[in-house]
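Below: entry_29.txt (compact mmCIF, C-alpha atoms)
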# COMPACT_ATOMS: atom_id res chain seq x y z
CA MET A 1 -59.15 -24.72 -75.93
CA SER A 2 -60.79 -23.91 -72.59
CA CYS A 3 -60.93 -26.44 -69.76
CA GLN A 4 -64.71 -26.52 -70.01
CA GLN A 5 -64.50 -27.46 -73.69
CA THR A 6 -61.89 -30.11 -72.87
CA ILE A 7 -64.25 -31.70 -70.34
CA LEU A 8 -67.07 -31.69 -72.88
CA ASP A 9 -64.83 -33.25 -75.53
CA TYR A 10 -63.04 -35.86 -73.44
CA GLY A 11 -65.13 -36.37 -70.28
CA LEU A 12 -66.81 -39.51 -71.61
CA ARG A 13 -64.30 -40.46 -74.26
CA SER A 14 -63.54 -43.82 -72.60
CA LEU A 15 -67.15 -44.79 -73.26
CA GLY A 16 -67.05 -43.70 -76.91
CA TYR A 17 -68.64 -40.26 -76.58
CA GLY A 18 -67.03 -36.98 -77.58
CA GLU A 19 -63.74 -36.40 -79.40
CA ARG A 20 -62.45 -39.52 -81.15
CA LEU A 21 -58.79 -38.53 -81.45
CA LEU A 22 -56.53 -38.16 -78.44
CA PRO A 23 -54.53 -34.94 -78.09
CA LYS A 24 -51.11 -35.20 -79.73
CA SER A 25 -49.22 -32.19 -78.34
CA ASP A 26 -49.46 -29.18 -76.04
CA PHE A 27 -50.92 -31.28 -73.26
CA THR A 28 -52.63 -29.31 -70.52
CA LEU A 29 -53.28 -30.20 -66.91
CA CYS A 30 -57.00 -30.14 -67.63
CA GLN A 31 -56.54 -32.78 -70.34
CA HIS A 32 -54.65 -34.96 -67.88
CA PHE A 33 -57.37 -34.75 -65.23
CA THR A 34 -60.21 -35.15 -67.73
CA LEU A 35 -58.93 -38.16 -69.68
CA ILE A 36 -57.59 -40.03 -66.65
CA GLY A 37 -60.86 -39.34 -64.84
CA SER A 38 -62.76 -40.56 -67.90
CA GLY A 39 -60.81 -43.82 -67.84
CA LEU A 40 -61.62 -44.26 -64.16
CA ILE A 41 -65.18 -45.07 -65.23
CA TRP A 42 -63.90 -48.43 -66.51
CA ASN A 43 -62.07 -49.13 -63.26
CA ILE A 44 -65.28 -48.49 -61.33
CA TYR A 45 -67.22 -50.69 -63.76
CA PHE A 46 -64.81 -53.63 -63.40
CA GLY A 47 -64.46 -53.27 -59.64
CA ALA A 48 -68.12 -52.77 -58.77
CA LEU A 49 -69.48 -55.64 -60.87
CA ALA A 50 -66.69 -58.04 -59.91
CA LEU A 51 -67.23 -57.23 -56.24
CA LEU A 52 -71.00 -57.65 -56.44
CA ILE A 53 -71.03 -60.94 -58.35
CA GLY A 54 -67.92 -62.29 -56.63
CA PHE A 55 -69.50 -61.76 -53.21
CA PHE A 56 -72.16 -64.39 -53.85
CA ILE A 57 -69.74 -66.82 -55.49
CA ALA A 58 -67.33 -66.38 -52.57
CA ASN A 59 -70.00 -67.22 -50.01
CA ALA A 60 -70.97 -70.32 -51.98
CA MET A 61 -67.33 -71.42 -52.22
CA ALA A 62 -66.77 -70.81 -48.50
CA LEU A 63 -69.75 -73.00 -47.66
CA ALA A 64 -68.56 -75.67 -50.07
CA LYS A 65 -65.07 -75.66 -48.54
CA ALA A 66 -66.57 -75.98 -45.06
CA SER A 67 -68.77 -78.89 -46.16
CA PRO A 68 -67.95 -82.37 -44.82
CA ARG A 69 -68.75 -83.80 -48.26
CA ALA A 70 -65.63 -84.27 -50.37
CA MET A 71 -67.54 -83.80 -53.65
CA LEU A 72 -68.30 -80.22 -52.59
CA ARG A 73 -65.16 -79.47 -50.60
CA ARG A 74 -62.52 -80.62 -53.11
CA PRO A 75 -63.66 -78.50 -56.11
CA ALA A 76 -63.89 -75.44 -53.86
CA GLU A 77 -60.39 -76.05 -52.49
CA TRP A 78 -58.94 -76.40 -55.98
CA PHE A 79 -60.77 -73.32 -57.24
CA ILE A 80 -59.40 -71.22 -54.38
CA LEU A 81 -55.90 -72.68 -54.75
CA ILE A 82 -55.69 -72.00 -58.49
CA PHE A 83 -56.85 -68.39 -58.39
CA ARG A 84 -54.99 -67.51 -55.19
CA GLY A 85 -51.87 -69.37 -56.20
CA SER A 86 -51.32 -67.70 -59.59
CA PRO A 87 -50.70 -63.99 -60.32
CA LEU A 88 -53.67 -62.03 -61.60
CA PHE A 89 -51.57 -60.65 -64.45
CA ILE A 90 -50.94 -64.20 -65.73
CA GLN A 91 -54.61 -65.06 -65.33
CA PHE A 92 -55.51 -62.21 -67.69
CA PHE A 93 -53.02 -63.45 -70.29
CA LEU A 94 -54.17 -67.08 -70.13
CA ALA A 95 -57.83 -66.14 -70.14
CA TYR A 96 -57.48 -63.92 -73.21
CA PHE A 97 -55.59 -66.71 -75.02
CA ILE A 98 -58.35 -69.20 -74.21
CA PHE A 99 -61.12 -66.74 -75.15
CA LEU A 100 -59.36 -65.98 -78.44
CA ARG A 101 -59.22 -69.67 -79.30
CA LEU A 102 -62.92 -70.02 -78.50
CA LYS A 103 -63.67 -67.04 -80.74
CA GLN A 104 -61.77 -68.66 -83.60
CA GLN A 105 -64.03 -71.69 -83.16
CA GLY A 106 -67.09 -69.45 -83.27
CA LEU A 107 -67.81 -69.85 -79.55
CA LEU A 108 -68.49 -66.96 -77.17
CA PRO A 109 -66.80 -64.27 -79.31
CA TRP A 110 -67.81 -61.52 -76.89
CA LEU A 111 -65.43 -62.85 -74.22
CA THR A 112 -62.44 -61.32 -76.02
CA ALA A 113 -63.83 -57.87 -75.18
CA ALA A 114 -62.40 -56.49 -71.94
CA GLN A 115 -65.79 -55.50 -70.53
CA PHE A 116 -66.81 -59.17 -70.50
CA GLY A 117 -63.73 -61.38 -70.53
CA ALA A 118 -61.60 -59.34 -68.12
CA LEU A 119 -64.62 -58.87 -65.88
CA LEU A 120 -65.03 -62.66 -65.68
CA VAL A 121 -61.39 -63.07 -64.63
CA LEU A 122 -61.76 -60.41 -61.94
CA ILE A 123 -64.95 -62.04 -60.65
CA LEU A 124 -63.29 -65.44 -60.29
CA ASN A 125 -60.13 -63.96 -58.76
CA THR A 126 -61.87 -61.90 -56.09
CA ALA A 127 -64.29 -64.78 -55.42
CA ALA A 128 -61.34 -67.04 -54.58
CA TYR A 129 -59.71 -64.54 -52.21
CA SER A 130 -63.00 -63.58 -50.62
CA ALA A 131 -64.01 -67.23 -50.22
CA GLU A 132 -60.94 -67.83 -48.09
CA ILE A 133 -61.87 -64.80 -45.95
CA PHE A 134 -65.44 -65.99 -45.48
CA TYR A 135 -64.30 -69.55 -44.83
CA GLY A 136 -62.04 -68.34 -42.03
CA ALA A 137 -64.91 -66.32 -40.61
CA LEU A 138 -67.20 -69.37 -40.68
CA ARG A 139 -64.61 -71.33 -38.73
CA SER A 140 -64.36 -68.46 -36.21
CA VAL A 141 -68.04 -68.27 -35.28
CA PRO A 142 -68.17 -68.76 -31.48
CA ASN A 143 -69.56 -72.13 -30.42
CA GLY A 144 -71.62 -70.36 -27.78
CA GLU A 145 -73.73 -68.62 -30.42
CA VAL A 146 -74.36 -71.90 -32.22
CA GLU A 147 -75.31 -73.59 -28.97
CA ALA A 148 -77.64 -70.69 -28.11
CA ALA A 149 -79.31 -71.10 -31.51
CA ASP A 150 -79.77 -74.81 -30.79
CA ALA A 151 -81.28 -73.94 -27.43
CA TYR A 152 -83.83 -71.71 -29.18
CA GLY A 153 -84.75 -74.56 -31.49
CA LEU A 154 -83.07 -73.14 -34.59
CA THR A 155 -81.70 -75.81 -36.90
CA GLY A 156 -80.50 -76.17 -40.48
CA TRP A 157 -81.07 -73.24 -42.82
CA SER A 158 -82.82 -71.15 -40.19
CA ARG A 159 -79.83 -71.38 -37.83
CA PHE A 160 -77.40 -70.53 -40.62
CA ARG A 161 -79.43 -67.56 -41.90
CA ARG A 162 -80.16 -66.04 -38.49
CA VAL A 163 -77.00 -66.79 -36.52
CA ILE A 164 -74.03 -68.30 -38.35
CA TRP A 165 -73.97 -66.25 -41.56
CA PRO A 166 -74.55 -62.81 -39.95
CA THR A 167 -71.86 -63.50 -37.35
CA SER A 168 -69.37 -64.72 -39.94
CA LEU A 169 -70.11 -61.68 -42.10
CA ARG A 170 -69.37 -59.35 -39.19
CA LEU A 171 -66.11 -61.14 -38.52
CA ALA A 172 -65.06 -61.12 -42.18
CA TRP A 173 -66.10 -57.58 -43.09
CA PRO A 174 -62.89 -55.67 -42.13
CA ALA A 175 -60.73 -58.10 -44.13
CA TYR A 176 -63.25 -58.10 -46.98
CA THR A 177 -63.01 -54.31 -47.12
CA ASN A 178 -59.29 -54.58 -47.79
CA GLU A 179 -60.00 -57.14 -50.52
CA ALA A 180 -62.46 -54.70 -52.13
CA ILE A 181 -59.86 -51.93 -52.13
CA PHE A 182 -57.24 -54.21 -53.64
CA LEU A 183 -59.72 -55.36 -56.30
CA PHE A 184 -60.31 -51.80 -57.51
CA HIS A 185 -56.55 -51.24 -57.64
CA ALA A 186 -56.12 -54.50 -59.57
CA THR A 187 -58.48 -53.28 -62.31
CA THR A 188 -55.55 -51.24 -63.67
CA LEU A 189 -54.07 -54.50 -64.98
CA VAL A 190 -56.90 -55.14 -67.44
CA PHE A 191 -55.57 -53.20 -70.44
CA PHE A 192 -51.93 -54.03 -69.65
CA SER A 193 -52.41 -57.77 -69.78
CA GLY A 194 -53.95 -59.35 -72.84
CA PHE A 195 -57.20 -57.51 -73.42
CA PRO A 196 -56.80 -54.69 -75.96
CA ALA A 197 -58.29 -51.22 -75.55
CA TRP A 198 -60.65 -50.86 -78.51
CA GLN A 199 -60.30 -47.45 -80.24
CA GLN A 200 -58.04 -46.31 -77.38
CA ARG A 201 -60.92 -46.54 -74.89
CA GLY A 202 -58.94 -47.60 -71.89
CA ASP A 203 -59.00 -47.15 -68.15
CA ALA A 204 -57.31 -44.54 -65.97
CA LEU A 205 -53.86 -46.16 -66.09
CA TYR A 206 -54.12 -46.48 -69.88
CA TYR A 207 -54.50 -42.73 -70.30
CA ALA A 208 -51.92 -41.94 -67.63
CA SER A 209 -49.40 -44.10 -69.50
CA TYR A 210 -50.35 -42.40 -72.77
CA PHE A 211 -49.51 -38.98 -71.33
CA ALA A 212 -46.33 -40.25 -69.71
CA ASP A 213 -45.14 -41.76 -73.02
CA LYS A 214 -45.93 -38.64 -75.02
CA THR A 215 -44.46 -36.11 -72.61
CA PHE A 216 -41.64 -38.29 -71.22
CA ASN A 217 -42.71 -36.98 -67.84
CA PRO A 218 -44.37 -39.53 -65.53
CA PHE A 219 -44.44 -37.09 -62.61
CA ILE A 220 -47.67 -35.43 -63.74
CA ALA A 221 -49.91 -38.21 -65.06
CA TYR A 222 -49.16 -40.86 -62.43
CA PRO A 223 -49.66 -38.59 -59.38
CA ILE A 224 -53.01 -37.58 -60.89
CA LEU A 225 -53.85 -41.27 -61.26
CA ALA A 226 -52.85 -41.87 -57.64
CA PHE A 227 -55.01 -38.93 -56.56
CA TYR A 228 -58.08 -40.43 -58.26
CA PHE A 229 -57.51 -43.83 -56.69
CA ILE A 230 -57.02 -42.31 -53.25
CA LEU A 231 -60.40 -40.64 -53.61
CA LEU A 232 -61.91 -43.93 -54.81
CA THR A 233 -60.38 -45.74 -51.83
CA LEU A 234 -61.88 -43.21 -49.42
CA VAL A 235 -65.30 -43.73 -51.02
CA ILE A 236 -64.98 -47.53 -50.66
CA ILE A 237 -63.91 -47.21 -47.02
CA GLY A 238 -66.87 -44.91 -46.36
CA ILE A 239 -69.41 -47.24 -47.99
CA PHE A 240 -68.04 -50.36 -46.33
CA GLY A 241 -67.83 -48.49 -43.03
CA LEU A 242 -71.56 -47.82 -43.22
CA VAL A 243 -72.22 -51.51 -43.89
CA ASN A 244 -69.91 -52.43 -41.02
CA ALA A 245 -71.82 -50.12 -38.68
CA ARG A 246 -75.08 -51.70 -39.85
CA LEU A 247 -73.78 -55.22 -39.23
CA ASN A 248 -72.63 -54.27 -35.71
CA ARG A 249 -75.55 -52.01 -34.79
CA HIS A 250 -76.47 -54.26 -31.85
CA LEU A 251 -73.06 -53.88 -30.24
CA PRO A 252 -71.95 -51.01 -27.95
CA SER A 253 -70.09 -48.32 -29.88
CA GLN A 254 -66.79 -49.09 -28.14
CA ALA A 255 -67.11 -52.80 -29.01
CA CYS A 256 -67.77 -52.18 -32.71
CA PRO A 257 -64.60 -52.97 -34.68
CA LYS A 258 -63.25 -50.09 -36.74
CA LEU A 259 -62.30 -50.60 -40.34
CA ARG A 260 -58.62 -50.20 -41.06
CA TYR A 261 -56.92 -50.18 -44.41
CA ARG A 262 -54.11 -52.74 -44.42
CA PRO A 263 -52.59 -52.74 -47.91
CA GLN A 264 -51.32 -56.02 -49.32
CA VAL A 265 -47.88 -55.30 -50.75
CA ILE A 266 -47.51 -58.74 -52.33
CA ARG A 267 -50.39 -60.86 -53.52

Would you put the structure from the file into structure tokens?
Amino acid sequence: MSCQQTILDYGLRSLGYGERLLPKSDFTLCQHFTLIGSGLIWNIYFGALALLIGFFIANAMALAKASPRAMLRRPAEWFILIFRGSPLFIQFFLAYFIFLRLKQQGLLPWLTAAQFGALLVLILNTAAYSAEIFYGALRSVPNGEVEAADAYGLTGWSRFRRVIWPTSLRLAWPAYTNEAIFLFHATTLVFFSGFPAWQQRGDALYYASYFADKTFNPFIAYPILAFYFILLTLVIIGIFGLVNARLNRHLPSQACPKLRYRPQVIR
């Protein structure tokens, strides 16, 4: 089988298109790259949607935690503590157990599917971590900028929208970029936790593990997986770098903070 035919057969297999059966023997390098790359579609799906939705939840939680009202502050503090204080792997297991019980009761049966249930867990997890980042940025807004806004007659929502929130976003963006990178890496836990891969339609790590188990050689599949995620990380850094430049467009070029990737070894 030619490499072109392999791409046609397995390029979109993780989405249910193309060849239904996985190769059983005589594995080629093209099959490795094609199937692992096909699974990467799910990693991008989980990461992109969780990041997008979690961004808005995180900002709301950061504002709630910064609120002087205990009825808003306490729930936000507990939400952040629970999701930051427990391992993501355990969160997947517990969530799938809860969703399975709900399905047995006839409630929300679609949550047992990874594309919905696991996505919800990732959204809540990244929202908690990002909320702490944005909360710290809110606390770091210089008092001089707030006083200048007061001098211009800006109060309430107008002051927050024009001065406080843009400044906090600029301060938080480098750290938030690292959170985005870690989130995409964390998507590899989805099909290794509790959520099953229906009809062997898994993510990149799922297919890399399949090849490693069949060939008893992890030194081909896993480096290919790492190669794909390095490329994905470079794309994320590039996109977030453009946003960072946009947020700091009013600053001199030498004063604009550069994005740096600081991996979190332990979370």

Exercise for the section: Counting all atoms listed in the file, figure out which residue out of A:Ala148, A:Tyr210, A:Leu232, A:Phe184 gets nearest to A:Ser25. Expected result: A:Tyr210

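One finds atom CA of A:Tyr228 at 14.7 Å from atom CA of A:Ser209.
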
Problem - atom CA of A:Ser67 to atom CA of A:Arg139, distance in Å rounded to a single decimal - result: 11.4 Å

Practice task
Mind checking which residues fall within 9 Å of A:Thr126, counting all atoms listed in the file, ignoring those fewer than 2 positions away in the same chain, and posting them as a VMD selection string?
Solution key: chain A and resid 50 to 51 54 to 55 58 83 to 84 121 to 124 128 to 131 179 to 180 183

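Using all atoms listed in the file, the nearest neighbour of A:Gly37 within the list A:Gly194, A:Gly202, A:Gly144, A:Pro23 is A:Gly202.
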
Problem - Who sits within 8 Å of A:Ala62, only C-alpha atoms, same chain under 6 positions skipped, as an MDAnalysis selection string - result: chainID A and resid 76 131:132 134:135 138

Practice task
Determine, counting only C-alpha atoms, which protein, DNA and RNA residues have an atom within 12 Å of an atom of A:Val243; residues of the same chain fewer than 2 positions away are not included. Present the result as a ChimeraX atom specification.
Solution key: /A:169-170,173-174,176-177,236-241,245-249,258-259

Problem - Nearest to A:Gly117 by atom-to-atom distance, counting only C-alpha atoms, from A:Pro252, A:Met71, A:Thr167, A:Val190 - result: A:Val190

Around the point (-55.9, -50.8, -65.2) in the file's coordinates, collect all residues with an atom within 9 Å, using only C-alpha atoms, and return them as a PDB file with C-alpha atoms, in the coordinates of the input.
ATOM      1  CA  GLY A  39     -60.810 -43.820 -67.840  1.00  0.00           C
ATOM      2  CA  LEU A  40     -61.620 -44.260 -64.160  1.00  0.00           C
ATOM      3  CA  TRP A  42     -63.900 -48.430 -66.510  1.00  0.00           C
ATOM      4  CA  ASN A  43     -62.070 -49.130 -63.260  1.00  0.00           C
ATOM      5  CA  PHE A 184     -60.310 -51.800 -57.510  1.00  0.00           C
ATOM      6  CA  HIS A 185     -56.550 -51.240 -57.640  1.00  0.00           C
ATOM      7  CA  ALA A 186     -56.120 -54.500 -59.570  1.00  0.00           C
ATOM      8  CA  THR A 187     -58.480 -53.280 -62.310  1.00  0.00           C
ATOM      9  CA  THR A 188     -55.550 -51.240 -63.670  1.00  0.00           C
ATOM     10  CA  LEU A 189     -54.070 -54.500 -64.980  1.00  0.00           C
ATOM     11  CA  VAL A 190     -56.900 -55.140 -67.440  1.00  0.00           C
ATOM     12  CA  PHE A 191     -55.570 -53.200 -70.440  1.00  0.00           C
ATOM     13  CA  PHE A 192     -51.930 -54.030 -69.650  1.00  0.00           C
ATOM     14  CA  GLY A 202     -58.940 -47.600 -71.890  1.00  0.00           C
ATOM     15  CA  ASP A 203     -59.000 -47.150 -68.150  1.00  0.00           C
ATOM     16  CA  ALA A 204     -57.310 -44.540 -65.970  1.00  0.00           C
ATOM     17  CA  LEU A 205     -53.860 -46.160 -66.090  1.00  0.00           C
ATOM     18  CA  TYR A 206     -54.120 -46.480 -69.880  1.00  0.00           C
TER      19      TYR A 206
END
